[in-house]
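Student: Pasting start_29.cif here (mmCIF, C-alpha atoms):
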```cif
data_target
loop_
_atom_site.label_atom_id
_atom_site.label_comp_id
_atom_site.auth_asym_id
_atom_site.auth_seq_id
_atom_site.Cartn_x
_atom_site.Cartn_y
_atom_site.Cartn_z
CA MET A 1 -53.07 -26.44 25.56
CA SER A 2 -51.51 -23.63 23.56
CA LEU A 3 -47.83 -22.59 23.64
CA TRP A 4 -48.65 -19.26 25.28
CA ALA A 5 -50.66 -21.04 28.00
CA THR A 6 -47.66 -23.23 28.69
CA VAL A 7 -45.36 -20.22 29.02
CA LEU A 8 -47.77 -18.30 31.24
CA ASN A 9 -48.62 -21.27 33.47
CA PRO A 10 -45.37 -22.94 34.55
CA ARG A 11 -47.21 -25.22 37.02
CA CYS A 12 -48.99 -26.76 34.08
CA CYS A 13 -45.64 -27.63 32.52
CA GLU A 14 -44.32 -28.98 35.81
CA SER A 15 -47.39 -31.22 36.28
CA THR A 16 -47.26 -32.47 32.71
CA TYR A 17 -43.54 -33.21 33.07
CA HIS A 18 -44.06 -35.36 36.23
CA GLU A 19 -46.95 -37.22 34.64
CA SER A 20 -44.80 -37.97 31.59
CA ARG A 21 -41.96 -39.26 33.79
CA GLN A 22 -44.32 -41.55 35.70
CA ALA A 23 -45.88 -42.90 32.51
CA SER A 24 -42.43 -43.45 31.05
CA SER A 25 -41.27 -45.42 34.11
CA ARG A 26 -44.33 -47.67 33.83
CA GLY A 27 -43.60 -48.31 30.18
CA GLU A 28 -46.72 -46.51 29.03
CA GLU A 29 -46.81 -44.44 25.92
CA VAL A 30 -46.25 -40.78 26.57
CA PRO A 31 -48.67 -38.51 24.69
CA GLY A 32 -46.88 -36.86 21.78
CA GLY A 33 -43.95 -39.30 21.94
CA ARG A 34 -42.84 -42.92 22.23
CA SER A 35 -42.75 -45.14 25.29
CA GLY A 36 -39.82 -44.56 27.65
CA LYS A 37 -38.20 -41.82 25.53
CA GLN A 38 -37.96 -38.07 25.83
CA HIS A 39 -38.00 -35.80 22.81
CA ARG A 40 -36.85 -32.25 22.25
CA VAL A 41 -39.66 -30.23 20.76
CA GLY A 42 -38.79 -28.10 17.75
CA GLY A 43 -35.20 -29.35 17.25
CA PRO A 44 -32.03 -27.43 18.18
CA LEU A 45 -32.34 -23.75 18.98
CA ARG A 46 -31.15 -21.41 16.23
CA ASN A 47 -30.32 -17.69 16.21
CA PRO A 48 -32.83 -16.12 13.82
CA LEU A 49 -30.45 -13.17 13.22
CA ALA A 50 -27.51 -15.37 12.16
CA PRO A 51 -28.18 -15.14 8.38
CA PHE A 52 -28.49 -11.34 8.58
CA VAL A 53 -25.29 -10.99 10.65
CA ALA A 54 -23.35 -13.18 8.21
CA HIS A 55 -24.68 -11.19 5.24
CA ALA A 56 -23.76 -7.90 6.91
CA GLY A 57 -20.27 -9.23 7.62
CA ARG A 58 -19.75 -10.17 3.96
CA LYS A 59 -20.93 -6.73 2.84
CA MET A 60 -18.55 -5.02 5.28
CA ALA A 61 -15.60 -7.14 4.08
CA ALA A 62 -16.42 -6.32 0.45
CA LEU A 63 -16.67 -2.60 1.31
CA LEU A 64 -13.29 -2.63 3.07
CA MET A 65 -11.66 -4.35 0.07
CA LEU A 66 -13.18 -1.74 -2.25
CA LEU A 67 -11.94 1.14 -0.08
CA PHE A 68 -8.47 -0.40 0.11
CA GLY A 69 -8.35 -0.76 -3.66
CA LEU A 70 -9.49 2.83 -4.20
CA GLY A 71 -6.91 4.07 -1.69
CA ALA A 72 -4.09 2.21 -3.45
CA LEU A 73 -5.28 3.52 -6.82
CA PHE A 74 -5.38 7.07 -5.44
CA VAL A 75 -1.80 6.83 -4.12
CA SER A 76 -0.65 5.40 -7.44
CA SER A 77 -2.32 8.15 -9.48
CA ASP A 78 -1.06 10.80 -7.04
CA ALA A 79 2.54 9.63 -7.55
CA GLN A 80 2.06 9.71 -11.33
CA GLY A 81 0.77 13.25 -10.97
CA ALA A 82 3.87 14.23 -8.96
CA TYR A 83 6.11 12.86 -11.72
CA ASP A 84 4.12 14.65 -14.44
CA LYS A 85 4.43 17.95 -12.55
CA LEU A 86 8.23 17.80 -12.62
CA PRO A 87 9.93 19.98 -15.27
CA GLU A 88 11.05 17.92 -18.23
CA THR A 89 14.73 18.33 -17.37
CA TYR A 90 14.04 16.81 -13.91
CA ARG A 91 11.95 13.97 -15.33
CA LYS A 92 14.90 13.03 -17.54
CA GLY A 93 17.07 12.65 -14.46
CA VAL A 94 14.45 10.45 -12.77
CA ASP A 95 14.23 8.34 -15.92
CA LEU A 96 18.02 7.97 -15.94
CA ALA A 97 17.98 6.74 -12.32
CA LEU A 98 15.15 4.29 -13.07
CA GLU A 99 16.99 2.99 -16.11
CA LYS A 100 20.12 2.28 -14.08
CA LEU A 101 18.12 0.75 -11.21
CA HIS A 102 16.15 -1.59 -13.47
CA SER A 103 19.36 -2.72 -15.17
CA HIS A 104 20.43 -4.55 -12.00
CA ALA A 105 19.71 -8.29 -12.16
CA GLY A 106 18.71 -8.37 -8.49
CA ILE A 107 15.76 -6.04 -9.05
CA GLN A 108 12.57 -8.10 -9.44
CA HIS A 109 9.86 -5.43 -9.32
CA HIS A 110 9.19 -2.28 -11.27
CA PHE A 111 10.02 0.97 -9.48
CA ARG A 112 8.33 4.31 -9.91
CA PHE A 113 9.01 7.88 -8.87
CA PHE A 114 7.55 8.48 -5.40
CA ARG A 115 8.36 12.06 -4.40
CA SER A 116 10.99 14.81 -4.44
CA ILE A 117 13.00 15.70 -1.34
CA ASP A 118 14.86 18.73 -2.70
CA LYS A 119 16.13 20.03 -6.01
CA SER A 120 18.02 22.92 -7.58
CA ASP A 121 19.13 24.18 -10.96
CA ILE A 122 21.68 26.74 -12.07
CA GLU A 123 21.58 28.40 -15.48
CA ALA A 124 25.14 28.82 -16.71
CA GLY A 125 24.20 30.67 -19.90
CA PHE A 126 24.18 29.65 -23.57
CA ASP A 127 21.22 27.31 -22.87
CA VAL A 128 23.28 25.30 -20.35
CA THR A 129 21.76 24.30 -17.00
CA TYR A 130 23.11 22.25 -14.11
CA ILE A 131 20.51 20.12 -12.34
CA TYR A 132 20.49 18.58 -8.85
CA HIS A 133 17.62 16.40 -7.69
CA HIS A 134 17.15 14.35 -4.50
CA PHE A 135 14.12 12.03 -4.62
CA TYR A 136 12.63 8.68 -3.64
CA LEU A 137 11.77 5.72 -5.85
CA LYS A 138 9.38 3.05 -4.61
CA ALA A 139 8.78 -0.56 -5.60
CA THR A 140 5.45 -1.56 -7.15
CA LYS A 141 3.61 -4.87 -7.46
CA CYS A 142 4.40 -5.02 -11.17
CA PRO A 143 7.36 -7.07 -12.42
CA ARG A 144 10.49 -5.39 -13.70
CA GLY A 145 10.21 -4.48 -17.36
CA THR A 146 6.57 -3.38 -17.23
CA VAL A 147 6.09 -0.96 -20.12
CA ASP A 148 3.01 0.96 -18.93
CA ALA A 149 3.45 1.32 -15.17
CA THR A 150 0.82 4.04 -14.61
CA SER A 151 -1.55 1.54 -12.97
CA CYS A 152 1.13 -0.28 -10.94
CA ARG A 153 0.39 -0.04 -7.24
CA PHE A 154 3.13 0.66 -4.72
CA ARG A 155 4.34 -2.03 -2.34
CA ASN A 156 4.39 -1.01 1.31
CA ASP A 157 6.61 -3.87 2.49
CA ARG A 158 9.81 -2.52 0.92
CA PRO A 159 11.95 0.51 1.87
CA VAL A 160 12.12 3.35 -0.61
CA ILE A 161 15.18 3.91 -2.79
CA ASP A 162 16.93 7.18 -1.96
CA CYS A 163 18.41 8.77 -5.09
CA ALA A 164 20.51 11.83 -5.81
CA VAL A 165 21.37 12.87 -9.35
CA CYS A 166 23.20 15.82 -10.85
CA TYR A 167 24.00 16.50 -14.49
CA LYS A 168 24.49 19.13 -17.13
CA THR A 169 21.83 19.86 -19.73
CA PHE A 170 22.15 21.65 -23.03
CA GLY A 171 19.01 22.60 -24.93
CA GLY A 172 16.97 20.49 -22.47
CA GLY A 173 18.94 17.27 -23.07
CA ILE A 174 21.38 15.58 -20.69
CA GLU A 175 25.01 16.00 -21.72
CA GLN A 176 27.43 13.08 -21.42
CA GLU A 177 30.29 15.39 -20.38
CA PRO A 178 30.71 15.79 -17.54
CA LYS A 179 29.38 12.31 -16.85
CA PRO A 180 25.95 12.43 -15.16
CA TYR A 181 26.11 11.45 -11.49
CA VAL A 182 23.50 8.95 -10.24
CA HIS A 183 23.59 7.51 -6.75
CA CYS A 184 20.72 5.34 -5.45
CA VAL A 185 20.58 3.22 -2.31
CA HIS A 186 17.91 1.79 0.00
CA LYS A 187 17.11 4.59 2.41
CA PRO A 188 17.97 2.59 5.60
CA ALA A 189 21.45 1.94 4.15
CA LEU A 190 22.20 5.60 3.39
CA THR A 191 25.08 6.84 5.56
CA GLU A 192 26.39 10.32 6.36
CA GLU A 193 29.51 9.51 4.39
CA MET A 194 27.42 8.69 1.30
CA THR A 195 25.50 11.93 1.70
CA ALA A 196 28.76 13.90 1.95
CA ASP A 197 30.09 12.20 -1.20
CA ARG A 198 26.94 13.23 -3.05
CA VAL A 199 27.37 16.85 -2.01
CA ASN A 200 31.05 16.93 -2.94
CA HIS A 201 30.50 15.30 -6.33
CA CYS A 202 27.64 17.57 -7.38
CA ASN A 203 29.34 20.72 -6.11
CA ALA A 204 32.50 19.76 -8.00
CA MET A 205 30.41 19.53 -11.17
CA GLY A 206 29.28 23.12 -10.64
CA TYR A 207 32.77 24.33 -9.77
CA SER A 208 34.20 22.90 -12.99
CA SER A 209 31.96 25.17 -15.03
CA GLY A 210 32.59 28.26 -12.93
CA ALA A 211 29.00 28.11 -11.66
CA PRO A 212 28.21 28.72 -7.97
CA THR A 213 27.71 25.82 -5.59
CA LEU A 214 25.00 23.64 -7.08
CA LEU A 215 23.54 22.48 -3.76
CA ALA A 216 23.57 25.95 -2.21
CA SER A 217 20.27 26.71 -3.93
CA ALA A 218 18.62 23.34 -3.21
CA ARG A 219 14.90 23.74 -2.52
CA ALA A 220 13.25 21.37 -0.07
CA GLU A 221 9.92 19.96 -1.22
#
```
Once you've parsed the file, please lay out its structure as structure tokens.

Tutor:
Amino acid sequence: MSLWATVLNPRCCESTYHESRQASSRGEEVPGGRSGKQHRVGGPLRNPLAPFVAHAGRKMAALLMLLFGLGALFVSSDAQGAYDKLPETYRKGVDLALEKLHSHAGIQHHFRFFRSIDKSDIEAGFDVTYIYHHFYLKATKCPRGTVDATSCRFRNDRPVIDCAVCYKTFGGGIEQEPKPYVHCVHKPALTEEMTADRVNHCNAMGYSSGAPTLLASARAE
């Protein structure tokens, strides 16, 4: 009897099952099996789609990892582009802040410029300019001391470093007098008192030269 006949005629299966049970109880050999034993036909049931589902799952996981990597690379390159777009006199201030930050023994990872918050500059004449820049630095997955950090990806499990710098430039270079002001702190630790000290210090630098208030012309980004 064929498989389809068995499926379409359940009474046939029921009759065959009772006959097999009776033969088994009498110790007779059951057709298609051994005496007194029942056998599962065809082995354990398997899901025929299981290999395809597993393969699709692996492809999806690989695709998500690729998209995540591309996203991180895009953010990294975008930050590098933001740094490159800064005027050279502003980049020098960012470099000064990074130099001081990386000089601390407690810093384990390399930091990079993340984005500007606000900035201003006042031309005092005779090729002298006073610069103010408020910006964020962000930790990367590269160790401190990395020389070429353009491919270093940002870490998202660390708070950004909030920095404010102000300094005098002459001919595009940072002057050592008055001493450049650099203040950086983890953003969650920044207090109103610290912010006020920044304002007072940078404004005092402008006052000393007879220039107007340095922060009065600050431009939000």

Student: I'd like to see the residues matched by the PyMOL selection byres ((chain A and resi 107-111) around 12) on this file, and ideally I'd get them as a CSV table (one decimal) with C-alpha atoms, in the frame of the given file.

Tutor:
```csv
chain,number,residue,atom,x,y,z
A,76,SER,CA,-0.6,5.4,-7.4
A,79,ALA,CA,2.5,9.6,-7.6
A,80,GLN,CA,2.1,9.7,-11.3
A,94,VAL,CA,14.4,10.4,-12.8
A,95,ASP,CA,14.2,8.3,-15.9
A,97,ALA,CA,18.0,6.7,-12.3
A,98,LEU,CA,15.2,4.3,-13.1
A,99,GLU,CA,17.0,3.0,-16.1
A,100,LYS,CA,20.1,2.3,-14.1
A,101,LEU,CA,18.1,0.8,-11.2
A,102,HIS,CA,16.2,-1.6,-13.5
A,103,SER,CA,19.4,-2.7,-15.2
A,104,HIS,CA,20.4,-4.6,-12.0
A,105,ALA,CA,19.7,-8.3,-12.2
A,106,GLY,CA,18.7,-8.4,-8.5
A,112,ARG,CA,8.3,4.3,-9.9
A,113,PHE,CA,9.0,7.9,-8.9
A,114,PHE,CA,7.6,8.5,-5.4
A,136,TYR,CA,12.6,8.7,-3.6
A,137,LEU,CA,11.8,5.7,-5.8
A,138,LYS,CA,9.4,3.0,-4.6
A,139,ALA,CA,8.8,-0.6,-5.6
A,140,THR,CA,5.4,-1.6,-7.2
A,141,LYS,CA,3.6,-4.9,-7.5
A,142,CYS,CA,4.4,-5.0,-11.2
A,143,PRO,CA,7.4,-7.1,-12.4
A,144,ARG,CA,10.5,-5.4,-13.7
A,145,GLY,CA,10.2,-4.5,-17.4
A,146,THR,CA,6.6,-3.4,-17.2
A,147,VAL,CA,6.1,-1.0,-20.1
A,148,ASP,CA,3.0,1.0,-18.9
A,149,ALA,CA,3.4,1.3,-15.2
A,150,THR,CA,0.8,4.0,-14.6
A,151,SER,CA,-1.6,1.5,-13.0
A,152,CYS,CA,1.1,-0.3,-10.9
A,153,ARG,CA,0.4,0.0,-7.2
A,154,PHE,CA,3.1,0.7,-4.7
A,155,ARG,CA,4.3,-2.0,-2.3
A,158,ARG,CA,9.8,-2.5,0.9
A,159,PRO,CA,12.0,0.5,1.9
A,160,VAL,CA,12.1,3.4,-0.6
A,161,ILE,CA,15.2,3.9,-2.8
A,162,ASP,CA,16.9,7.2,-2.0
```

Student: Can you pull out every residue within 12 Å of A:Pro87, counting all atoms listed in the file, but drop anything in the same chain fewer than 4 positions away, and send it as a PDB file with C-alpha atoms, in the frame of the given file?

Tutor:
```pdb
ATOM      1  CA  ALA A  82       3.870  14.230  -8.960  1.00  0.00           C
ATOM      2  CA  TYR A  83       6.110  12.860 -11.720  1.00  0.00           C
ATOM      3  CA  ARG A  91      11.950  13.970 -15.330  1.00  0.00           C
ATOM      4  CA  LYS A  92      14.900  13.030 -17.540  1.00  0.00           C
ATOM      5  CA  GLY A  93      17.070  12.650 -14.460  1.00  0.00           C
ATOM      6  CA  VAL A  94      14.450  10.450 -12.770  1.00  0.00           C
ATOM      7  CA  LYS A 119      16.130  20.030  -6.010  1.00  0.00           C
ATOM      8  CA  SER A 120      18.020  22.920  -7.580  1.00  0.00           C
ATOM      9  CA  ASP A 121      19.130  24.180 -10.960  1.00  0.00           C
ATOM     10  CA  ILE A 131      20.510  20.120 -12.340  1.00  0.00           C
ATOM     11  CA  HIS A 133      17.620  16.400  -7.690  1.00  0.00           C
ATOM     12  CA  GLY A 172      16.970  20.490 -22.470  1.00  0.00           C
TER      13      GLY A 172
END
```

Student: Would you kindly translate the PyMOL selection byres ((chain A and resi 188-200) around 10) into the concrete residues it picks from this file, as a list of chain:residue names?

Tutor: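 Listing what the PyMOL selection byres ((chain A and resi 188-200) around 10) selects in the shown file: A:Tyr132, A:His134, A:Pro159, A:Val160, A:Ile161, A:Asp162, A:Cys163, A:Ala164, A:Val165, A:Cys166, A:Tyr181, A:Val182, A:His183, A:Cys184, A:Val185, A:His186, A:Lys187, A:His201, A:Cys202, A:Asn203, A:Ala204, A:Met205, A:Thr213, A:Leu214, A:Leu215, A:Ala216.
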
Student: Take the residues from that selection and write them out as a compact mmCIF listing (two decimals), keeping the file's coordinate frame, keeping C-alpha atoms.

Tutor:
```txt
# COMPACT_ATOMS: atom_id res chain seq x y z
CA TYR A 132 20.49 18.58 -8.85
CA HIS A 134 17.15 14.35 -4.50
CA PRO A 159 11.95 0.51 1.87
CA VAL A 160 12.12 3.35 -0.61
CA ILE A 161 15.18 3.91 -2.79
CA ASP A 162 16.93 7.18 -1.96
CA CYS A 163 18.41 8.77 -5.09
CA ALA A 164 20.51 11.83 -5.81
CA VAL A 165 21.37 12.87 -9.35
CA CYS A 166 23.20 15.82 -10.85
CA TYR A 181 26.11 11.45 -11.49
CA VAL A 182 23.50 8.95 -10.24
CA HIS A 183 23.59 7.51 -6.75
CA CYS A 184 20.72 5.34 -5.45
CA VAL A 185 20.58 3.22 -2.31
CA HIS A 186 17.91 1.79 0.00
CA LYS A 187 17.11 4.59 2.41
CA HIS A 201 30.50 15.30 -6.33
CA CYS A 202 27.64 17.57 -7.38
CA ASN A 203 29.34 20.72 -6.11
CA ALA A 204 32.50 19.76 -8.00
CA MET A 205 30.41 19.53 -11.17
CA THR A 213 27.71 25.82 -5.59
CA LEU A 214 25.00 23.64 -7.08
CA LEU A 215 23.54 22.48 -3.76
CA ALA A 216 23.57 25.95 -2.21
```

Student: Any chance you could work out the residue set of the PyMOL selection byres ((chain A and resi 178) around 8) here, as a list of chain:residue names?

Tutor: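 After applying the PyMOL selection byres ((chain A and resi 178) around 8), what remains is A:Tyr167, A:Lys168, A:Glu175, A:Gln176, A:Glu177, A:Lys179, A:Pro180, A:Met205.
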
Student: Please indicate the distance in Å from atom CA of A:Ile174 to atom CA of A:Gly81, rounded to one decimal place.

Tutor: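 Interatomic distance, atom CA of A:Ile174 to atom CA of A:Gly81: 22.9 Å.
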
Student: Using Å and a single decimal, report how far atom CA of A:Val128 sits from atom CA of A:Gly171.

Tutor: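 Separation between atom CA of A:Gly171 and atom CA of A:Val128: 6.8 Å.
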
Student: Can you work out the spacing between atom CA of A:Leu96 and atom CA of A:Gly173 in Å, to one decimal?

Tutor: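 Distance reported for this atom pair: 11.8 Å.
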
Student: Using all atoms listed in the file, which of A:Phe135, A:Asp84, A:Thr169, A:Asn156 sits nearest A:Ser116?

Tutor: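 Of all the options, A:Phe135 lies closest to A:Ser116.
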
Student: Set the distance at 8 Å and use only C-alpha atoms: which residues neighbour A:Asp127 once local chain neighbours fewer than 3 positions away are removed? I'd like the list as a PDB file with C-alpha atoms, in the frame of the given file.

Tutor:
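The new file result_0.pdb reads:
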```pdb
ATOM      1  CA  GLU A 123      21.580  28.400 -15.480  1.00  0.00           C
ATOM      2  CA  ALA A 124      25.140  28.820 -16.710  1.00  0.00           C
ATOM      3  CA  PHE A 170      22.150  21.650 -23.030  1.00  0.00           C
ATOM      4  CA  GLY A 171      19.010  22.600 -24.930  1.00  0.00           C
TER       5      GLY A 171
END
```

Student: Output as lines of an AutoDock Vina configuration file the centre and edge lengths (Å, one decimal) of the box along x, y and z of the file that holds every listed atom of stretch 196-201 of chain A after adding 8 Å on each side.

Tutor:
```
center_x = 29.0
center_y = 14.6
center_z = -2.2
size_x = 20.1
size_y = 20.7
size_z = 24.3
```
